[in-house]
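What follows is a set of notes on a single structure, which appears directly below.
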Amino acid sequence: MLMLAAIVVLHITTIILLLVAAIDNAWWVDDLVSADLWGRWDFSNNVWHYTNLKGYPEDYLQAVQATSVLACVFTILALFVFVAQLFTLPKGMRFTFTGILQIIACLCIMTGASIYTAKLHVNDTSGGYGHCYILAWISFVLTFILALTYFILRKKKE
């Protein structure tokens, strides 16, 4: 029972980290710029000004946005499926679908963060990756660990 509680806590923690990574505005930071997946904040005249993302490759940016939203959706869906499978399925079939959803979420996170790394901010000379970018990669690791855990917890029929 303690193991299942720990898994639920880890799953909820992963969901929170993913949501913060997708929503907060610190994927790329500089002294005067803070950019996320949805917009850019520029500091001028002692005030932060919001602008749209200009100069970014549109296709790559939309791919990163889509994969981060999909990762959130699949991870949240996996939590609900986990709880449903816990009470409805027999021992040999539990957690397989939850593990598959977690693997899909893991691949979405990896794809989005990889595209962001390879295609966005390549020519920027100043600035660096912010805490949301790091949270996305931490979420990738936690999601992968959860997927492995769900596949390991799948018990054989007795």
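Order determines the names: the first chain of the structure tokens is A, the second B, and so forth; residues in each chain are numbered 1 upward, and ligands are numbered 1 upward as they are shown.
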(request) Compile the contact shell of Leu142 (chain A) as a PyMOL selection string: residues with an atom at most 12 Å away, counting only C-alpha atoms, same-chain residues fewer than 5 positions apart removed. (result) chain A and resi 7+9-18+75+102-103+105-106+109-110+135-137+147-149
Write a file of the just-selected residues containing C-alpha atoms, as a PDB file, in the first residue's frame.
ATOM      1  CA  ILE A   7       3.801   6.082  -6.955  1.00  0.00           C
ATOM      2  CA  VAL A   9       2.884  11.108  -5.104  1.00  0.00           C
ATOM      3  CA  LEU A  10       5.611  10.740  -7.734  1.00  0.00           C
ATOM      4  CA  HIS A  11       3.011  10.849 -10.498  1.00  0.00           C
ATOM      5  CA  ILE A  12       1.399  14.017  -9.117  1.00  0.00           C
ATOM      6  CA  THR A  13       4.839  15.594  -8.702  1.00  0.00           C
ATOM      7  CA  THR A  14       5.615  14.815 -12.331  1.00  0.00           C
ATOM      8  CA  ILE A  15       2.328  16.364 -13.449  1.00  0.00           C
ATOM      9  CA  ILE A  16       3.063  19.539 -11.474  1.00  0.00           C
ATOM     10  CA  LEU A  17       6.585  19.787 -12.913  1.00  0.00           C
ATOM     11  CA  LEU A  18       5.261  19.312 -16.445  1.00  0.00           C
ATOM     12  CA  THR A  75       0.542  12.108 -17.916  1.00  0.00           C
ATOM     13  CA  GLN A 102       3.639   7.114 -19.590  1.00  0.00           C
ATOM     14  CA  ILE A 103       6.016   5.995 -22.357  1.00  0.00           C
ATOM     15  CA  ALA A 105       4.272  11.125 -22.476  1.00  0.00           C
ATOM     16  CA  CYS A 106       7.976  10.464 -21.989  1.00  0.00           C
ATOM     17  CA  ILE A 109       8.707  15.420 -23.467  1.00  0.00           C
ATOM     18  CA  MET A 110      11.915  14.157 -25.038  1.00  0.00           C
ATOM     19  CA  LEU A 135      12.119  21.001 -15.299  1.00  0.00           C
ATOM     20  CA  ALA A 136      11.091  19.538 -18.647  1.00  0.00           C
ATOM     21  CA  TRP A 137      14.152  17.280 -18.677  1.00  0.00           C
ATOM     22  CA  ALA A 147       6.728   3.986 -16.977  1.00  0.00           C
ATOM     23  CA  LEU A 148       9.314   1.405 -15.955  1.00  0.00           C
ATOM     24  CA  THR A 149       7.704   1.136 -12.530  1.00  0.00           C
TER      25      THR A 149
END
(request) Identify all residues of chain A in strand (DSSP E or B) (DSSP on the backbone) and supply them as JSON, numbers by chain. (result) {"A": [28, 29, 33, 34, 35, 40, 41, 42, 43, 44, 47, 48, 49, 50, 51, 128, 129]}
Could those selected residues go to a file with C-alpha atoms, as a compact mmCIF listing (two decimals), in the first residue's frame?
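The new file selection38.txt reads:
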# COMPACT_ATOMS: atom_id res chain seq x y z
CA TRP A 28 15.34 30.85 -22.29
CA VAL A 29 16.56 33.61 -19.97
CA VAL A 33 14.75 38.64 -22.01
CA SER A 34 12.69 35.78 -20.66
CA ALA A 35 11.07 33.50 -23.23
CA ARG A 40 8.61 36.55 -24.86
CA TRP A 41 9.11 39.07 -22.07
CA ASP A 42 11.48 41.97 -22.75
CA PHE A 43 12.73 44.29 -20.02
CA SER A 44 12.87 47.93 -21.05
CA VAL A 47 9.07 47.33 -17.03
CA TRP A 48 8.59 43.84 -18.48
CA HIS A 49 6.77 43.89 -21.83
CA TYR A 50 5.08 40.85 -23.34
CA THR A 51 5.53 40.21 -27.06
CA GLY A 128 20.85 30.37 -21.45
CA TYR A 129 18.28 27.76 -20.67
Could you make a table, as JSON lines, of the residues of region 75-145 of chain A that have an atom within 12 Å of an atom of region 53-59 of chain A, each with its nearest atom pair and distance in Å to one decimal, counting only C-alpha atoms, in chain and number order?
{"residue": "A:Gly112", "atom": "CA", "partner": "A:Asp59", "partner_atom": "CA", "distance": 12.0}
{"residue": "A:Ile115", "atom": "CA", "partner": "A:Asp59", "partner_atom": "CA", "distance": 10.4}
{"residue": "A:Tyr116", "atom": "CA", "partner": "A:Pro57", "partner_atom": "CA", "distance": 10.5}
{"residue": "A:Ala118", "atom": "CA", "partner": "A:Pro57", "partner_atom": "CA", "distance": 11.5}
{"residue": "A:Lys119", "atom": "CA", "partner": "A:Pro57", "partner_atom": "CA", "distance": 7.8}
{"residue": "A:Leu120", "atom": "CA", "partner": "A:Tyr56", "partner_atom": "CA", "distance": 6.7}
{"residue": "A:His121", "atom": "CA", "partner": "A:Tyr56", "partner_atom": "CA", "distance": 8.1}
{"residue": "A:Val122", "atom": "CA", "partner": "A:Tyr56", "partner_atom": "CA", "distance": 10.2}
{"residue": "A:Asn123", "atom": "CA", "partner": "A:Tyr56", "partner_atom": "CA", "distance": 10.8}
{"residue": "A:Asp124", "atom": "CA", "partner": "A:Gly55", "partner_atom": "CA", "distance": 11.3}
Can I get the selected residues back with N, CA, C and O atoms, as a short mmCIF file (atom, residue, chain, number, x, y, z; two decimals), in the first residue's frame?
data_model
loop_
_atom_site.label_atom_id
_atom_site.label_comp_id
_atom_site.auth_asym_id
_atom_site.auth_seq_id
_atom_site.Cartn_x
_atom_site.Cartn_y
_atom_site.Cartn_z
N GLY A 112 9.90 17.26 -27.59
CA GLY A 112 9.76 18.71 -27.46
C GLY A 112 11.03 19.37 -26.96
O GLY A 112 11.48 20.38 -27.52
N ILE A 115 13.79 19.20 -29.70
CA ILE A 115 13.57 20.17 -30.77
C ILE A 115 13.93 21.58 -30.27
O ILE A 115 14.57 22.35 -30.98
N TYR A 116 13.53 21.90 -29.06
CA TYR A 116 13.86 23.21 -28.49
C TYR A 116 15.38 23.38 -28.41
O TYR A 116 15.90 24.46 -28.72
N ALA A 118 17.73 21.82 -30.24
CA ALA A 118 18.41 21.77 -31.53
C ALA A 118 18.03 22.90 -32.48
O ALA A 118 18.84 23.31 -33.31
N LYS A 119 16.81 23.42 -32.39
CA LYS A 119 16.33 24.34 -33.41
C LYS A 119 16.03 25.76 -32.93
O LYS A 119 15.95 26.67 -33.75
N LEU A 120 15.81 25.97 -31.66
CA LEU A 120 15.49 27.30 -31.16
C LEU A 120 16.67 27.85 -30.36
O LEU A 120 17.35 27.11 -29.66
N HIS A 121 16.94 29.12 -30.49
CA HIS A 121 18.02 29.82 -29.79
C HIS A 121 19.41 29.32 -30.21
O HIS A 121 20.36 29.44 -29.45
N VAL A 122 19.51 28.77 -31.38
CA VAL A 122 20.81 28.26 -31.85
C VAL A 122 21.78 29.40 -32.10
O VAL A 122 22.96 29.30 -31.78
N ASN A 123 21.30 30.51 -32.63
CA ASN A 123 22.16 31.63 -32.98
C ASN A 123 22.27 32.69 -31.89
O ASN A 123 22.93 33.70 -32.10
N ASP A 124 21.61 32.48 -30.77
CA ASP A 124 21.68 33.47 -29.68
C ASP A 124 23.05 33.41 -29.02
O ASP A 124 23.55 32.34 -28.66
#
(message) Could you check the closest approach to Phe140 (chain A) for each of A:Leu37, A:Leu32, A:Cys72, A:Ile152 and tell me which residue wins, using only C-alpha atoms?
(response)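 Among the listed residues, A:Cys72 lies closest to Phe140 (chain A).
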